[in-house]
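Chemist: Sharing a structure here in structure tokens format.
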Amino acid sequence: MPGIPDEKMLHAAADWWLRLRNHDGSDDIIEQWLTWTRADRLHMEAFERVTELGERLGTIDAFTRRQWIDEFAPPVVARRSWLPLAAAAAAVFALFGGYVAWSTFNAAVTTASYTSAVAQNRIINLPDGSTVTMGEPPCLPQGLRAANAVLNSVPVRHFSRWRITPNSHLS
Amino acid sequence: MDTLGKTTDLDTSTEQAARVAALFREHNRALIAFLQCRLNSFSDAQEVAQEAYVRMLTLERPDEVVSQRAYLFRIAANLALDRLRMRKVRNDMPIELPADELHLPPIPERHVSTGEQWRELQKALRELPAKTSQAFVMHVIEGRDFHIVAQVMKLSERMVRYHVTNALAHCRARVDEMEMP
């Protein structure tokens with residue numbers, strides 16, 4: 001099209017537009033630009049067209065702006081490696097599990113050692129109300145609950161005899 | 001002696017006025033284009049140019065200026081910089097408009113034509129390679145500096161500039177086709 005700058009000329013004009021916009025105030029750039037504009041009548045025409053488009057783009061409405069950004073330059077979400085996250089989660093899980101196990105074990109099992117002399121009878125009262133009689137014949141009542149497994153922690157010599165009387169509400 | 005001094009001053013100012021008039025004739029178009037590029041506003045460019053000419057006319061020692069044209073562009077560039085700073089301050093502290101002004105109905109014809117124009121430009125951007133349109137949108141639409149765009153896109157600043165230039169030229173060519181069939 002005669003009298004209309006072609007794309008190559010528009011390209012040169014766009015390059016000057018960017019250079020002048022980011023111009024640091026040096027006279028040299030302006031002088032070089034003026035020399036370019038005077039080299040061809042269409043150079044200034046091309047520059048003015050690019051400048052006019054630049055101004056037009058500066059008035060873009062918020063909706064269109066958002067649309068263009070979403071389509072052409074969507075924000076880059078930094079991709080995180082899953083390994084550090086998984087390691088952190090495993091550490092937290094292990095700590096939590098350890099805490100739960102430790103507190104459960106501490107609350108459920110209390111160990112104590114009792115010793116009686118040979119042929120001696122001894123009655124031990126447990127905190128839950130049960131009693132262990134050492135030296136008696138063994139008699140494990142029906143319905144004995146886990147709490148009463150304290151029996152296991154009482155060292156009983158193989159020649160001793162013992163009897164457990166659970167607390168009534170546990171049986 | 002005093003009269004002679006006044007006459008000399010008058011001669012100098014007349015000479016300077018003639019020089020400024022010549023500058024206006026030869027370089028006003030370029031000056032306006034330069035300022036419009038810097039300020040992104042034709043009306044602001046005209047105002048700043050006018051102020052630059054006034055400064056040239058009121059120079060105390062115009063004969064000491066080596067290049068009147070270079071001096072005119074330097075004054076204009078500094079005035080443009082001041083205006084950009086003022087604009088930034090104004091944008092950082094926006095004036096609250098009265099509620100009535102916020103609910104003005106849009107002008108339908110204008111809305112339609114600008115909407116159509118944006119759609120055409122969007123189409124033009126789709127014709128370009130993804131990196132070219134991305135660099136263009138990030139720099140021209142989002143207003144991000146070249147070095148930031150380069151960091152995000154993992155390209156050199158030179159390549160970013162190249163992409164933006166391509167996109168601008170392509171969009172302008174499409175607009176020309178649209179407006180001058």
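If you're wondering about the labels, chains in the structure tokens are A, B, ... by order shown, residues count from 1 in each chain, ligands from 1 in order shown.
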Residues of chain A no more than 6 Å from chain B, counting only C-alpha atoms: send them over as a count of residues only.

Modeler: 9

Chemist: Using only C-alpha atoms, which protein or nucleic acid residues come within 12 Å of B:Ala18? Drop anything in the same chain fewer than 3 positions from it, and give the result as a ChimeraX atom specification.

Modeler: /B:11-15,21-25,53,56-57,62,68
